Each structure stands twice: as structure tokens, then as C-alpha cells.
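Below is one structure, written out as C-alpha cells; comments come after it.
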Amino acid sequence: MRILVCVKRVPAPGARINVTADGQTVDAAHLGFTTSPHEECAVEEAVQLTEAHGGEVTVMTLGPVAAEEQLRYAASVGAHHFVLIPIDDVDWDPQRTASALAEAIAAVEETNGAFDLILFGNESADAGGFQVGVRVANHLGRPIVNGIKGIEIGGEQGGELDEGVATARREIDGGFEVYNVPMPAVLGVKEGINLPRYPTMKGRLASKKAVVDTDERTVEAGGQVRLRLHRPVEQISETVILGTGPEAAPAVVDLLEELGVLS
Amino acid sequence: MSLLVICDHDRGTLSDASLEALTFGRPLAAAAGLEMAAVVIGEGADAAAAGLGAHGASTVHVASHPLLTDFGPEAWGETVVQLVRGTGATAVLACGTDRGNEVVAQVAARLDQPFVANCRSVDPTGDGSGNWTMTRVQWGGSLLEDATLTAEIRLVTVAHHVVEGVAAEAPASGTMVSFVPELDDALARTVVADRVVLTRGITLSTAPVVVGGGRGVGSAEAFAPLEELAGELGGVVGCSRAVTNNGWRPHSDQVGQTGTRIAPEIYIASGISGAIQHWVGAMAAKNILAINTDREANMVTRAGHAVIGDLHQVIPAVIEEVRRRRG
């Protein structure tokens, strides 16, 4: 099977996120970059599915030229083909991002046929727009379900096992929902679907030789415009130290009683 | 012209998130000069719809169709789209739960309109030229974004836990109107096929007490006292990302930006340093008690209360004290 994964390069923040002076983006001067966590799991899931069922994984990203680093990382953990849609350093809005991705996907599919499965992260770690995957699926006329924490190929359709169906599990409070989605399909994946592997030495070496295709797209901006980013005003509260070590237990239980959780 | 609020429910019981959306929607509709309407979809919708007048909805659309008995993002999205077209709604609002954001994204894709997710505040008078302005969350809430929205139909969600869901001071009529959308059979492809319940009763997102453990707990086995304390307090155990990455706990126990957002009466965060991704999942807790050997740990400095010490000694002592007082 052929699987496409769309990933986003995001800063790897520590305890605090700073913003550039113009308020347009995160000040990454002292930060490393990573693949947005849900998408890192999506890449791992795609690699596992092709290991089990055969096939190839393509990874696509819309981002600054430096996002090639995230594509090469995907190569180091087993992905096969790579497409970069280069943009300037500041995020594109969700509509614009989705249109560019949909066009680029259509271009790849025109040559190679439709992907059986396209995986997105449920939402990006930074902008968190919760919509790019849904918009792309809609552009392509394919089904999509978000929040997926389990995928199996083959599912019951009309009482019979159908190899053309992806069975997807979505976590809900206290359990999960099951969807039988006919492929080609799009799924929004969440962290926890797997534990992503670390690259092997062999993988790292292979990633250096990986060929990254560049696909420039000119797309109109959408209706959501960023004015500025800023840090929320933190409510600075003095921490009440109840004590040190086990001797603090009575003070802790006093607090629990006061809050009424010790019924 | 109306603001349409999408209300989610579980077999007739409205979710807290829906009440938050209605509470957020009332002043928004008033400031935008719109009537506030609501839509409730699927089995049990009638029961859920009945109380919405008290929350300020003047019209409550009750959508039903064989494809709407259980959740399906495409069928739900298409239903809202048809309702928007049929009623001339100029704005749609939902609470930014996974489901809320997914359904509004479906609406946005189908209407080809922008969608601003997880707002903390929305100003419909905006920049004076008809655009709305808003502040929305990025990085799960550790960063804010001011944005403008230019659209024919404004689609927004309000971030979960930004407001508390309360009834309207002046109830509205809550007139129920049934709505049957025309849905293509093909949309069955994304309707829930099966539902598996793993735990009944309290869960991480609803528990009044969460006892959280981080890297400092040290191993899967060392979570036993945390389980015991949670059991004593009628709560559940949560954990940090470091813990799930180490395979000590399942991901469904993870509190944080990529895990579960919790909002308990008290969160007891033990051996957790408080990385930003964890903090945003815990910050809606009404009270936080940090137990940590490091007085300067983020979790300690941000918590209302703290015990400086080794959780492996403190937690058993707390369990003992709880039992002693109960006799």
C-alpha cells in the first residue's frame, strides 16, 4: 500500500516560549526543531503499516526550507519519498496551507495514482488550527476521521472482511469508537497510537542520501489573519509550602479536607 | 440572522462543553446583533434540546436522520452546513473539544470558509470594517494569538474550560424545531461502527482528584502508592509524557497538550517538573499541589501548594494520615 504522511516542523520548546519582536512567530534563536508530536507518530504508523502490508511511505511538509531536516528525520526512521512545499518563515493560514497541500498531493497522485491512506496529525503542536487534514480530505473528496489512536487494514463491511477498509480507533472518554473507513481515506492521528522508534545508524546514513522533491505552490491567503503572538499574563501566585518530607502529611490532608475531596 | 451553537450530548445529557459554548455565545450574539440558536444532533437530541432555552437559545434545531443516530464527522458537518444554508445563520460556534473542532472543520471545508479554532475571546465589532477580531490559543494555551477573521459565515470554537457553563440570567424561548437534513448514503463511511467501553465511572477528564506522576516516580511499579492515594480520594492516576515515553503507563493516562486536559478540584502533581506541554493540560485544575524534591521546579513555582520532598516518602505518609483521620 502507498501511504502519505503530512508533517509540520515546529520548535521544541522548553519551559517558556518567547515571541519575536514583531509578534509574528516564535523566537527560535535558542530552540531546536522537531516534528510535531502527533505527526511523528503518524510517520511511525505509516512505516509500521508498510512493514506489515508492503508498500511505500511518502512524507510531505509545507514549511521553511529548513523543514528538510524533518523530512530527513522521517527518512531515518523508514520513510521512502519526500516532498517539500517551501514557504517563508511565518506560518501560512490553515486554508492556504490546505489548498497548497491538496494541490501538491493531486500532482503526485496524477503521476503515481491515489494514496491508499493519507495521515495527518490531529493538530499541530504550535498553531493548533484543527482543520488542515479535514480541508485536504474535502478537496480530494475522501473520508476523514480525526483523533485516531489505532489503525488496522481490513475491516468488516456488510458482514464481510474487506481489505479496502481501514479500521480506525478513536479514543473517547473511558473507551473508544471504531470506524470502518473505505480507502482511499484520510485519518488524523494522535500521539499514543504507537511509540515512535529512534533512528538506527543505518537509517541516519540512508537519510543523508534521501532525495527531497521541492514543489513550489502559489496559493491565495485565507480569511484568518495573524495580528500578533503574545504570552498569556501569568497569574503569579505565591506557592504555599505545606512542609518538607513526610512530616507535611497532616497539612496536605488539612488541605484535602478544606477542598472537600476527603468525603 | 443568527449565531448557531452546536451542542454535543451523550444520549440526551448535554456535555459541560456545550454549556460553555452557550455561555460564551450569549454575549457574543448580543454584541454581534444576532439571535442565538442551537442545534442538537442525533439520538437523544430531543431530551438534550429541552433545556436550552434556559441557556439562552431562542430556537433549538433538533436534527434527526438515520445516518445521525451515532456520531459521524462528515454527516454532522453536512447537517450543520444545510442548517446554516436553510436558516441563513451568519456565524457558527462550538466548544473546542476534539469533536467540536472536528465538526466545525468539516463545516468550514464544505462551505469553503475560514475557521478560527480555540478562541479565548471574540470581538464581533472587531476592526470596525466588519471583520471579527479574536484571541485564540496556540501551543495548547501557553501562547496566545490575536487574529482577524474575514468571512461571510464566521466559524469559531471557544477553547474548552475558558468559561464555566452557567444558565442565562434571562432565559430565551428555546422553541424546538425539528430538522431533517438530506444526507447522501455515502456519508455512512465515517459514522461510528462500534463503541467499546473500557472503564465506567470516573475518568481522567472528569475525576475530581487526579494524582499525577512524572519521571520522578521512577518505574511502572512505583505508581502503586499513587494508585492507592487516588483510590482513597475517589480519583484517578495521571502521568507526564516522560512516563508514557518510558512505557510505565498507557498514553490514555497522559495529562498534557498531546494527552488529556484535566480540570479536577485538585491535581496532586508528584515528581513532575512541569514542562510547558504538561502544564497546559493541567492548568484548568482548580487547585494544584506539587510534591517535588526541587523547590525551583516549574510545577512547584506554579502550584498553589507544594510539599518539598521525595514523593516515595510523602505519598505513603499522606495515605496513612487520610486513613488515620477516617478512623
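A note on labels: chains of the C-alpha cells are A, B, ... as shown, every chain counts residues from 1, and ligands are counted from 1 in their shown order.
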
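Within 10 Å of segment 221-231 of chain B there are Ala207, Val209, Val210, Val211, Gly212, Gly213, Gly214, Gly216, Val217, Gly218, Gly234, Gly235, Val236, Val237, Gly238, Cys239, Trp248, Arg249, Ile268, Ser270, Leu311, His312, Gln313, Ile315, Pro316, Val318, Ile319, Glu320 and Val322 of chain B, counting only C-alpha atoms and ignoring same-chain residues fewer than 3 positions away.
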
Sort by chain and increasing residue number a table of all residues of chain A within 6 Å of chain B, each with its closest pair of atoms and their distance in Å to one decimal, counting only C-alpha atoms, and write it as JSON lines.
{"residue": "A:Ala15", "atom": "CA", "partner": "B:Ile276", "partner_atom": "CA", "distance": 5.1}
{"residue": "A:Ala125", "atom": "CA", "partner": "B:Trp139", "partner_atom": "CA", "distance": 5.7}
{"residue": "A:Asp126", "atom": "CA", "partner": "B:Trp139", "partner_atom": "CA", "distance": 4.6}
{"residue": "A:Ala127", "atom": "CA", "partner": "B:Gln138", "partner_atom": "CA", "distance": 5.0}
{"residue": "A:Gly128", "atom": "CA", "partner": "B:Gln138", "partner_atom": "CA", "distance": 5.9}
{"residue": "A:Gly129", "atom": "CA", "partner": "B:Ala117", "partner_atom": "CA", "distance": 5.7}
{"residue": "A:Gln131", "atom": "CA", "partner": "B:Ala105", "partner_atom": "CA", "distance": 5.1}
{"residue": "A:Arg135", "atom": "CA", "partner": "B:Ala109", "partner_atom": "CA", "distance": 4.9}
{"residue": "A:Gly174", "atom": "CA", "partner": "B:Thr199", "partner_atom": "CA", "distance": 4.9}
{"residue": "A:Gly175", "atom": "CA", "partner": "B:Val197", "partner_atom": "CA", "distance": 4.4}
{"residue": "A:Phe176", "atom": "CA", "partner": "B:Val196", "partner_atom": "CA", "distance": 5.3}
{"residue": "A:Glu177", "atom": "CA", "partner": "B:Arg195", "partner_atom": "CA", "distance": 4.5}
{"residue": "A:Val178", "atom": "CA", "partner": "B:Asp194", "partner_atom": "CA", "distance": 4.9}
{"residue": "A:Tyr179", "atom": "CA", "partner": "B:Val192", "partner_atom": "CA", "distance": 5.1}
{"residue": "A:Val181", "atom": "CA", "partner": "B:Arg189", "partner_atom": "CA", "distance": 5.4}
{"residue": "A:Gly192", "atom": "CA", "partner": "B:His251", "partner_atom": "CA", "distance": 5.1}
{"residue": "A:Gly223", "atom": "CA", "partner": "B:Thr150", "partner_atom": "CA", "distance": 4.8}
{"residue": "A:Gln224", "atom": "CA", "partner": "B:Leu149", "partner_atom": "CA", "distance": 4.8}
{"residue": "A:Val225", "atom": "CA", "partner": "B:Thr148", "partner_atom": "CA", "distance": 5.2}
{"residue": "A:Arg226", "atom": "CA", "partner": "B:Ala147", "partner_atom": "CA", "distance": 4.5}
{"residue": "A:Leu227", "atom": "CA", "partner": "B:Ala147", "partner_atom": "CA", "distance": 5.0}
{"residue": "A:Arg228", "atom": "CA", "partner": "B:Asp146", "partner_atom": "CA", "distance": 5.4}
{"residue": "A:Leu229", "atom": "CA", "partner": "B:Glu145", "partner_atom": "CA", "distance": 4.4}
{"residue": "A:His230", "atom": "CA", "partner": "B:Leu144", "partner_atom": "CA", "distance": 5.3}
{"residue": "A:Arg231", "atom": "CA", "partner": "B:Leu143", "partner_atom": "CA", "distance": 4.9}
{"residue": "A:Thr239", "atom": "CA", "partner": "B:Gly304", "partner_atom": "CA", "distance": 4.8}
{"residue": "A:Val240", "atom": "CA", "partner": "B:His305", "partner_atom": "CA", "distance": 4.6}
{"residue": "A:Ile241", "atom": "CA", "partner": "B:Ala306", "partner_atom": "CA", "distance": 4.8}
{"residue": "A:Leu242", "atom": "CA", "partner": "B:Val307", "partner_atom": "CA", "distance": 5.4}
{"residue": "A:Gly243", "atom": "CA", "partner": "B:Val307", "partner_atom": "CA", "distance": 5.3}
{"residue": "A:Thr244", "atom": "CA", "partner": "B:Ile308", "partner_atom": "CA", "distance": 4.7}
{"residue": "A:Gly245", "atom": "CA", "partner": "B:Gly309", "partner_atom": "CA", "distance": 4.3}
{"residue": "A:Pro246", "atom": "CA", "partner": "B:Val314", "partner_atom": "CA", "distance": 4.3}
{"residue": "A:Ala249", "atom": "CA", "partner": "B:Val318", "partner_atom": "CA", "distance": 4.7}

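For Arg96 of chain A, the non-local neighbours within 8 Å, defined as residues at least 6 positions apart in the same chain or in other chains and counting only C-alpha atoms, are Val219, Glu220, Ala221 and Gly222 of chain A.
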
Who sits within 7 Å of segment 62-71 of chain A, only C-alpha atoms, same chain under 3 positions skipped, as a list of chain:residue names: A:Lys8, A:Arg9, A:Thr34, A:Thr35, A:Val59, A:Ala74, A:Ala75, A:Phe82, A:Leu84, A:Ile85, A:Pro86, A:Ile87, A:Asp88, A:Asp89

Within 12 Å of Glu35 of chain B using only C-alpha atoms, minus same-chain residues under 6 positions, as a list in words: Met1, Ser2, Leu3, Leu4, Val5, Gly25, Arg26, Pro27, Leu28, Ala29, Gly56, Ala57, Ser58, Thr59, Val60, Thr87, Gly88, Ala89, Thr90, Ala91, Val92, Ala172, Ser173 and Gly174 of chain B

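In terms of minimum interatomic distance to Pro250 of chain A, B:Arg324 ranks closest within B:Glu43, B:Arg324, B:Asp253, B:His61, counting only C-alpha atoms.
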
In segment 139-211 of chain B, DSSP helix (DSSP H, G or I) residues written as a list in words: Trp139, Gly140, Gly141, Asp185, Ala186, Leu187, Ala188, Arg189 and Thr190 of chain B

Nearby residues (only C-alpha atoms) at most 7 Å from segment 146-155 of chain A, same-chain spacing under 4 positions excluded, as a VMD selection string: (chain A and resid 122 161 to 171 180 187 to 190 192 to 193) or (chain B and resid 102)

Since we have the selection now, will you write its residues out, keeping N, CA and C atoms, as a compact mmCIF listing (two decimals), in the first residue's frame?
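Contents of the output file result.txt:
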# COMPACT_ATOMS: atom_id res chain seq x y z
N ASN A 122 -3.45 15.07 14.38
CA ASN A 122 -4.75 15.61 14.75
C ASN A 122 -4.76 17.13 14.74
N LEU A 161 -15.16 -9.38 5.49
CA LEU A 161 -13.89 -8.71 5.68
C LEU A 161 -13.48 -8.06 4.36
N ASP A 162 -13.16 -6.78 4.44
CA ASP A 162 -12.84 -6.03 3.23
C ASP A 162 -11.43 -5.44 3.37
N GLU A 163 -10.53 -5.86 2.49
CA GLU A 163 -9.15 -5.39 2.53
C GLU A 163 -9.04 -3.91 2.16
N GLY A 164 -10.08 -3.39 1.54
CA GLY A 164 -10.05 -1.99 1.13
C GLY A 164 -10.53 -1.03 2.20
N VAL A 165 -10.66 -1.55 3.41
CA VAL A 165 -11.19 -0.73 4.50
C VAL A 165 -10.11 -0.55 5.57
N ALA A 166 -9.99 0.66 6.07
CA ALA A 166 -9.12 0.91 7.22
C ALA A 166 -10.01 0.97 8.46
N THR A 167 -9.71 0.12 9.43
CA THR A 167 -10.45 0.17 10.68
C THR A 167 -9.68 1.05 11.65
N ALA A 168 -10.34 2.11 12.10
CA ALA A 168 -9.64 3.11 12.90
C ALA A 168 -10.31 3.24 14.26
N ARG A 169 -9.48 3.36 15.29
CA ARG A 169 -9.98 3.52 16.66
C ARG A 169 -9.75 4.93 17.13
N ARG A 170 -10.80 5.50 17.68
CA ARG A 170 -10.71 6.87 18.18
C ARG A 170 -10.96 6.84 19.68
N GLU A 171 -10.05 7.40 20.44
CA GLU A 171 -10.20 7.40 21.88
C GLU A 171 -11.30 8.36 22.30
N ASN A 180 -15.04 2.14 10.30
CA ASN A 180 -14.58 1.36 9.16
C ASN A 180 -14.60 2.27 7.94
N LEU A 187 -6.79 10.04 7.61
CA LEU A 187 -7.01 9.90 9.05
C LEU A 187 -6.15 10.93 9.80
N GLY A 188 -6.73 11.52 10.82
CA GLY A 188 -5.99 12.43 11.72
C GLY A 188 -5.55 11.64 12.93
N VAL A 189 -4.24 11.52 13.10
CA VAL A 189 -3.67 10.60 14.09
C VAL A 189 -3.26 11.34 15.35
N LYS A 190 -3.37 10.65 16.48
CA LYS A 190 -2.94 11.25 17.75
C LYS A 190 -1.76 10.49 18.35
N GLY A 192 0.28 8.46 20.96
CA GLY A 192 -0.22 7.34 21.76
C GLY A 192 -0.63 6.17 20.87
N ILE A 193 -0.76 6.41 19.55
CA ILE A 193 -1.09 5.33 18.61
C ILE A 193 0.06 4.33 18.58
N GLU B 102 -13.58 19.18 15.22
CA GLU B 102 -13.68 18.34 14.01
C GLU B 102 -14.93 18.68 13.21

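Interatomic distance, atom CA of Val83 of chain A against atom CA of Gly54 of chain A: 20.9 Å.
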
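Nearest residue to Glu234 of chain A, choosing from B:Ile272, B:Met283, B:Leu14, B:Leu93 and counting only C-alpha atoms: B:Met283.
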
Shell of 10 Å around Gly141 of chain A, only C-alpha atoms, local chain residues under 6 positions omitted, as a PDB file with C-alpha atoms, in the first residue's frame:
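Output below, filename around-v9.pdb:
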ATOM      1  CA  ARG A 135      -9.853  20.578   4.398  1.00  0.00           C
ATOM      2  CA  PRO A 184      -8.531   5.818  -0.193  1.00  0.00           C
ATOM      3  CA  ALA A 185      -9.021   7.591   3.100  1.00  0.00           C
ATOM      4  CA  VAL A 186      -7.534  10.305   5.288  1.00  0.00           C
TER       5      VAL A 186
END

Å distance separating atom CA of Val136 of chain A from atom CA of Ser36 of chain A, one decimal place: 18.2 Å
